[in-house]
Structure formats: C-alpha cells, structure tokens
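Asker: Okay, here's the structure, questions in a sec.
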Amino acid sequence: MADATIENAGLLVVDKPAGMTSHDVVSRCRKIFNTRRVGHAGTLDPMATGVLVVGIERATKLLGLLSLTTKSYTATIRLGASTTTDDREGEILSTADASGVSDTEIATAMVELTGDIQQVPAKVSAIKVDGRRAHTLVRTGADFDLAARPVTVSRFELLATRRDGEFVDLDVVVDCSSGTYIRSLARDLGAALELGGHLTELRRTAVGPFTLDHARTLDDVREEPRVSLDIDEAVKISFPRRDIDDDEAESISQGRWLEPIGRKEIYVVVDPREQAIALIQEKGRRASSVMVVRPATLR
C-alpha cells in the first residue's frame with residue numbers, strides 16, 4: 001500500500017541561483033510541489049550558487065540524519081582588498097597593491113591553510129553570540145569576536161590566476177569539512193600575504209554524496225515537478241545498507257526491532273523488493289529504528 005506522502009517523497013538537489021536565500025528555495029518548492037512538507041539541509045548564502053539539498057514530503061525527516069560532513073566548492077578570491085563581510089557584498093576596509101605578489105608566495109600561503117586548521121568564522125555567519133546570530137549583530141554595528149574553531153581543509157587548490165591592475169583574482173577549488181567558511185579562507189589568505197582578501201564568487205559543487213550531477217535548476221523543477229532522488233534512492237545513497245527478509249521488514253515497519261549485527265553507524269534496511277523500510281541504529285541487544293521510512297500502513 002502507498003500514498004502520496006511516499007510516492008512523492010524524496011530529495012530534490014537544487015542548483016541554487018545567486019540572489020536567493022535557502023528559505024526562498026524552500027518557499028518556491030512548497031508552491032511547485034503543493035505541500036508544506038519541505039525543508040533543506042546545509043544553508044547556502046544568497047551570494048552562493050550550487051548544491052542545496054531539499055527534502056520533500058516524508059523525506060523531510062531524513063534531513064537531520066544525513067551525514068553531510070564533507071563539502072566541495074569552486075570559488076574566486078580577490079587579493080588586494082578586505083571587506084566587512086569577507087566577500088564582495090561588504091564595505092571595503094582596506095586595500096593594497098597585490099600586483100607584486102608571486103605565484104610561489106600564493107602557493108605557500110595556501111598550503112598553510114590546508115589540513116586541520118583553526119579558523120575564525122566570518123562575522124556574517126549564523127553562529128550565535130549571546131543568543132543572537134552573528135550576522136544580525138554585525139549589521140547593528142556591534143563589536144564582538146568569534147572564537148576559532150577546528151576545521152579540515154582537505155583540498156585548497158589553485159586553478160587559475162588573473163592579474164588585473166592592483167588586484168589578483170584566484171580561482172580555487174576547496175574540499176572541506178562541514179563548518180568551514182570559504183570567505184574566511186579568502187580573508188585569511190589575504191591576511192597571510194599582507195594584502196587583504198575577500199570572496200567574489202562561490203559555488204558549492206557537492207555536499208556529502210550529493211553533487212551537481214544530481215542537481216536541477218528551479219526552472220527545470222517548475223516545468224517538471226519531480227525529486228532528484230526518490231526516498232528509496234536517497235537513503236541508499238546516504239547510508240550503509242542491510243538487506244532483510246519480508247518478516248523482518250514487517251516487524252520493523254510496525255515499530256519492533258531487529259537483531260543487531262555489530263554496526264555502530266546508522267544504516268538503512270531494505271526488503272526483497274528493494275524498498276527502504278527504516279533507518280536503524282544498534283544499541284545493546286536491539287537494532288531499532290531512528291526513522292521508519294515505510295510504516296506498515298504505507299507498505
């Protein structure tokens with residue numbers, strides 16, 4: 001048995017355009033799919049484009065369980081100016097002639113910002129300071145500092161260098177852990193070279209297992225309202241898998257538990273018809289559901 005909440009459920013990977021907030025994308029999707037059950041994972045700033053994961057119908061329950069710990073970006077960093085927001089939308093704080101910086105100096109500074117590093121988030125981030133978002137505080141003119149946080153930049157690679165008068169623009173690719181701010185990388189690279197730096201372009205190319213290959217534009221979605229991955233595909237690409245028989249599937253779909261098999265991570269159990277039944281976590285002598293994908297009433 002099935003109903004619309006299963007038939008239409010899944011993840012929509014949106015190629016977000018510049019100028020829209022992540023909430024704007026959710027609002028558009030609610031209208032397109034004619035449902036309030038829409039949410040997103042991994043916020044993208046309005047300036048940024050690229051991969052934004054949106055849950056539709058029952059798949060909204062997946063969003064908090066997805067392991068979106070790795071992210072990839074392409075970006076452009078401008079050397080020669082620092083701004084209040086560490087990106088092109090802020091006011092210029094200082095400028096310097098970057099025309100004399102060498103390729104070797106740039107490469108050396110980028111290496112220093114690669115690996116496990118301590119990074120101070122941008123002040124226009126969503127981090128809370130005394131209960132208020134930093135990006136809200138900074139607009140009031142408040143003076144505050146954010147503590148450095150450990151992040152991992154596994155790849156910080158230079159693709160191209162363009163020299164334009166006193167400025168130097170760097171096209172880069174970044175693979176990093178969740179919580180890494182690319183605008184902070186731009187700021188810190190500029191500071192290391194004593195030139196100032198800020199972000200002028202940012203495109204997210206992947207978050208967790210979801211890439212631009214899965215992504216659709218909002219125009220495409222409007223013309224053909226469908227998810228990128230139905231709920232079965234979404235959980236299979238996102239979690240390790242355990243195959244179960246029909247009796248086990250019936251049991252777990254009714255809220256009972258399975259025998260554990262010695263796994264520590266959350267995994268998906270799949271029935272003989274390739275239907276995802278539930279997400280499972282083992283504790284002690286029980287393997288119980290953290291989310292039932294298909295309750296007995298929807299099988």
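Ligands are numbered from 1 in the order shown, chains are lettered A, B, ... in the order of the structure tokens, and residues start at 1 in each chain.
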Under the rule of at most 12 Å, produce a per-residue listing of segment 173-214 of chain A near segment 12-26 of chain A: chain, number, name, the closest pair of atoms, and the distance in Å, as CSV, using only C-alpha atoms.

Answerer:
```
residue,atom,partner,partner_atom,distance
A:Glu201,CA,A:Ala18,CA,9.7
A:Leu202,CA,A:Ala18,CA,9.3
A:Arg203,CA,A:Lys16,CA,9.1
A:Arg204,CA,A:Asp15,CA,8.9
A:Thr205,CA,A:Asp15,CA,9.0
A:Ala206,CA,A:Val13,CA,10.1
A:Val207,CA,A:Val13,CA,10.0
A:Gly208,CA,A:Val13,CA,11.7
A:Pro209,CA,A:Val13,CA,10.9
A:Phe210,CA,A:Val13,CA,7.3
A:Thr211,CA,A:Val13,CA,8.0
A:Leu212,CA,A:Asp15,CA,7.0
A:Asp213,CA,A:Val13,CA,9.1
A:His214,CA,A:Val13,CA,6.0
```

Asker: Which residues are near Gly64 of chain A? Cut-off 12 Å, only C-alpha atoms, ignore same chain within fewer than 3 positions. Put them as an MDAnalysis selection string.

Answerer: chainID A and resid 39:42 53:55 59:61 67:68 290:291

Asker: For the residues in that selection, give me all heavy atoms as a PDB file, in the first residue's frame.

Answerer:
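Final output, result_11.pdb:
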```pdb
ATOM      1  N   GLY A  39      11.761  21.047   3.435  1.00  0.00           N
ATOM      2  CA  GLY A  39      12.822  21.618   4.253  1.00  0.00           C
ATOM      3  C   GLY A  39      14.154  21.483   3.534  1.00  0.00           C
ATOM      4  O   GLY A  39      14.239  20.852   2.478  1.00  0.00           O
ATOM      5  N   HIS A  40      15.193  22.075   4.091  1.00  0.00           N
ATOM      6  CA  HIS A  40      16.508  21.991   3.443  1.00  0.00           C
ATOM      7  C   HIS A  40      17.589  21.642   4.454  1.00  0.00           C
ATOM      8  O   HIS A  40      17.425  21.828   5.660  1.00  0.00           O
ATOM      9  CB  HIS A  40      16.851  23.302   2.725  1.00  0.00           C
ATOM     10  CG  HIS A  40      17.174  24.432   3.646  1.00  0.00           C
ATOM     11  ND1 HIS A  40      18.423  24.624   4.183  1.00  0.00           N
ATOM     12  CD2 HIS A  40      16.413  25.445   4.138  1.00  0.00           C
ATOM     13  CE1 HIS A  40      18.421  25.693   4.962  1.00  0.00           C
ATOM     14  NE2 HIS A  40      17.217  26.213   4.956  1.00  0.00           N
ATOM     15  N   ALA A  41      18.699  21.155   3.950  1.00  0.00           N
ATOM     16  CA  ALA A  41      19.868  20.838   4.775  1.00  0.00           C
ATOM     17  C   ALA A  41      21.068  21.591   4.219  1.00  0.00           C
ATOM     18  O   ALA A  41      21.255  21.647   3.011  1.00  0.00           O
ATOM     19  CB  ALA A  41      20.137  19.339   4.759  1.00  0.00           C
ATOM     20  N   GLY A  42      21.877  22.186   5.096  1.00  0.00           N
ATOM     21  CA  GLY A  42      23.101  22.849   4.648  1.00  0.00           C
ATOM     22  C   GLY A  42      22.838  24.156   3.940  1.00  0.00           C
ATOM     23  O   GLY A  42      22.804  24.228   2.719  1.00  0.00           O
ATOM     24  N   VAL A  53      20.412  20.778  -0.767  1.00  0.00           N
ATOM     25  CA  VAL A  53      19.612  19.563  -0.612  1.00  0.00           C
ATOM     26  C   VAL A  53      18.282  19.916   0.041  1.00  0.00           C
ATOM     27  O   VAL A  53      18.246  20.479   1.136  1.00  0.00           O
ATOM     28  CB  VAL A  53      20.357  18.515   0.226  1.00  0.00           C
ATOM     29  CG1 VAL A  53      19.496  17.264   0.423  1.00  0.00           C
ATOM     30  CG2 VAL A  53      21.685  18.142  -0.438  1.00  0.00           C
ATOM     31  N   VAL A  54      17.194  19.567  -0.646  1.00  0.00           N
ATOM     32  CA  VAL A  54      15.841  19.882  -0.183  1.00  0.00           C
ATOM     33  C   VAL A  54      15.071  18.575  -0.005  1.00  0.00           C
ATOM     34  O   VAL A  54      15.086  17.708  -0.880  1.00  0.00           O
ATOM     35  CB  VAL A  54      15.119  20.787  -1.210  1.00  0.00           C
ATOM     36  CG1 VAL A  54      13.674  21.050  -0.779  1.00  0.00           C
ATOM     37  CG2 VAL A  54      15.873  22.111  -1.370  1.00  0.00           C
ATOM     38  N   GLY A  55      14.387  18.439   1.129  1.00  0.00           N
ATOM     39  CA  GLY A  55      13.565  17.265   1.382  1.00  0.00           C
ATOM     40  C   GLY A  55      12.102  17.565   1.078  1.00  0.00           C
ATOM     41  O   GLY A  55      11.604  18.642   1.413  1.00  0.00           O
ATOM     42  N   ALA A  59      10.474  12.709   3.207  1.00  0.00           N
ATOM     43  CA  ALA A  59      11.935  12.810   3.209  1.00  0.00           C
ATOM     44  C   ALA A  59      12.445  13.980   4.043  1.00  0.00           C
ATOM     45  O   ALA A  59      13.643  14.065   4.305  1.00  0.00           O
ATOM     46  CB  ALA A  59      12.455  12.917   1.781  1.00  0.00           C
ATOM     47  N   THR A  60      11.539  14.890   4.471  1.00  0.00           N
ATOM     48  CA  THR A  60      11.999  15.957   5.359  1.00  0.00           C
ATOM     49  C   THR A  60      12.558  15.376   6.659  1.00  0.00           C
ATOM     50  O   THR A  60      13.418  15.982   7.294  1.00  0.00           O
ATOM     51  CB  THR A  60      10.862  16.944   5.683  1.00  0.00           C
ATOM     52  OG1 THR A  60       9.741  16.224   6.217  1.00  0.00           O
ATOM     53  CG2 THR A  60      10.415  17.694   4.440  1.00  0.00           C
ATOM     54  N   LYS A  61      12.055  14.205   7.045  1.00  0.00           N
ATOM     55  CA  LYS A  61      12.545  13.574   8.272  1.00  0.00           C
ATOM     56  C   LYS A  61      13.980  13.076   8.124  1.00  0.00           C
ATOM     57  O   LYS A  61      14.660  12.816   9.121  1.00  0.00           O
ATOM     58  CB  LYS A  61      11.632  12.404   8.658  1.00  0.00           C
ATOM     59  CG  LYS A  61      10.221  12.822   9.041  1.00  0.00           C
ATOM     60  CD  LYS A  61       9.403  11.623   9.505  1.00  0.00           C
ATOM     61  CE  LYS A  61       8.014  12.049   9.956  1.00  0.00           C
ATOM     62  NZ  LYS A  61       7.226  10.884  10.475  1.00  0.00           N
ATOM     63  N   SER A  67      24.409  12.533   6.800  1.00  0.00           N
ATOM     64  CA  SER A  67      25.789  12.819   7.192  1.00  0.00           C
ATOM     65  C   SER A  67      26.434  13.700   6.121  1.00  0.00           C
ATOM     66  O   SER A  67      27.126  13.209   5.224  1.00  0.00           O
ATOM     67  CB  SER A  67      26.573  11.509   7.359  1.00  0.00           C
ATOM     68  OG  SER A  67      27.900  11.780   7.764  1.00  0.00           O
ATOM     69  N   LEU A  68      26.178  14.997   6.252  1.00  0.00           N
ATOM     70  CA  LEU A  68      26.695  15.948   5.251  1.00  0.00           C
ATOM     71  C   LEU A  68      27.947  16.620   5.802  1.00  0.00           C
ATOM     72  O   LEU A  68      28.021  17.843   5.949  1.00  0.00           O
ATOM     73  CB  LEU A  68      25.607  16.979   4.912  1.00  0.00           C
ATOM     74  CG  LEU A  68      24.268  16.394   4.449  1.00  0.00           C
ATOM     75  CD1 LEU A  68      23.269  17.500   4.153  1.00  0.00           C
ATOM     76  CD2 LEU A  68      24.456  15.496   3.229  1.00  0.00           C
ATOM     77  N   VAL A 290      15.476   4.614  13.939  1.00  0.00           N
ATOM     78  CA  VAL A 290      15.529   6.043  14.256  1.00  0.00           C
ATOM     79  C   VAL A 290      14.591   6.812  13.327  1.00  0.00           C
ATOM     80  O   VAL A 290      14.219   7.938  13.600  1.00  0.00           O
ATOM     81  CB  VAL A 290      16.961   6.603  14.152  1.00  0.00           C
ATOM     82  CG1 VAL A 290      17.845   6.001  15.220  1.00  0.00           C
ATOM     83  CG2 VAL A 290      17.559   6.365  12.774  1.00  0.00           C
ATOM     84  N   MET A 291      14.216   6.168  12.226  1.00  0.00           N
ATOM     85  CA  MET A 291      13.190   6.694  11.329  1.00  0.00           C
ATOM     86  C   MET A 291      12.609   5.531  10.529  1.00  0.00           C
ATOM     87  O   MET A 291      13.350   4.796   9.886  1.00  0.00           O
ATOM     88  CB  MET A 291      13.747   7.734  10.350  1.00  0.00           C
ATOM     89  CG  MET A 291      12.709   8.201   9.338  1.00  0.00           C
ATOM     90  SD  MET A 291      13.414   9.111   7.951  1.00  0.00           S
ATOM     91  CE  MET A 291      11.983   9.168   6.853  1.00  0.00           C
TER      92      MET A 291
END
```

Asker: DSSP on the backbone: which residues in segment 74-234 of chain A end up as helix (DSSP H, G or I)? Give the answer as a ChimeraX atom specification.

Answerer: /A:103-112,134-139,182-192,218-223,231-234

Asker: Quick one: pull the distance between atom CA of Ile231 of chain A and atom CA of Val293 of chain A, Å, one decimal.

Answerer: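 So the answer is 8.0 Å.
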
Asker: Which residue out of A:Val221, A:Ala81, A:Leu11, A:Leu170 has the minimum interatomic distance to Thr95 of chain A when only C-alpha atoms are used?

Answerer: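 For Thr95 of chain A, the nearest of the given residues is A:Ala81.
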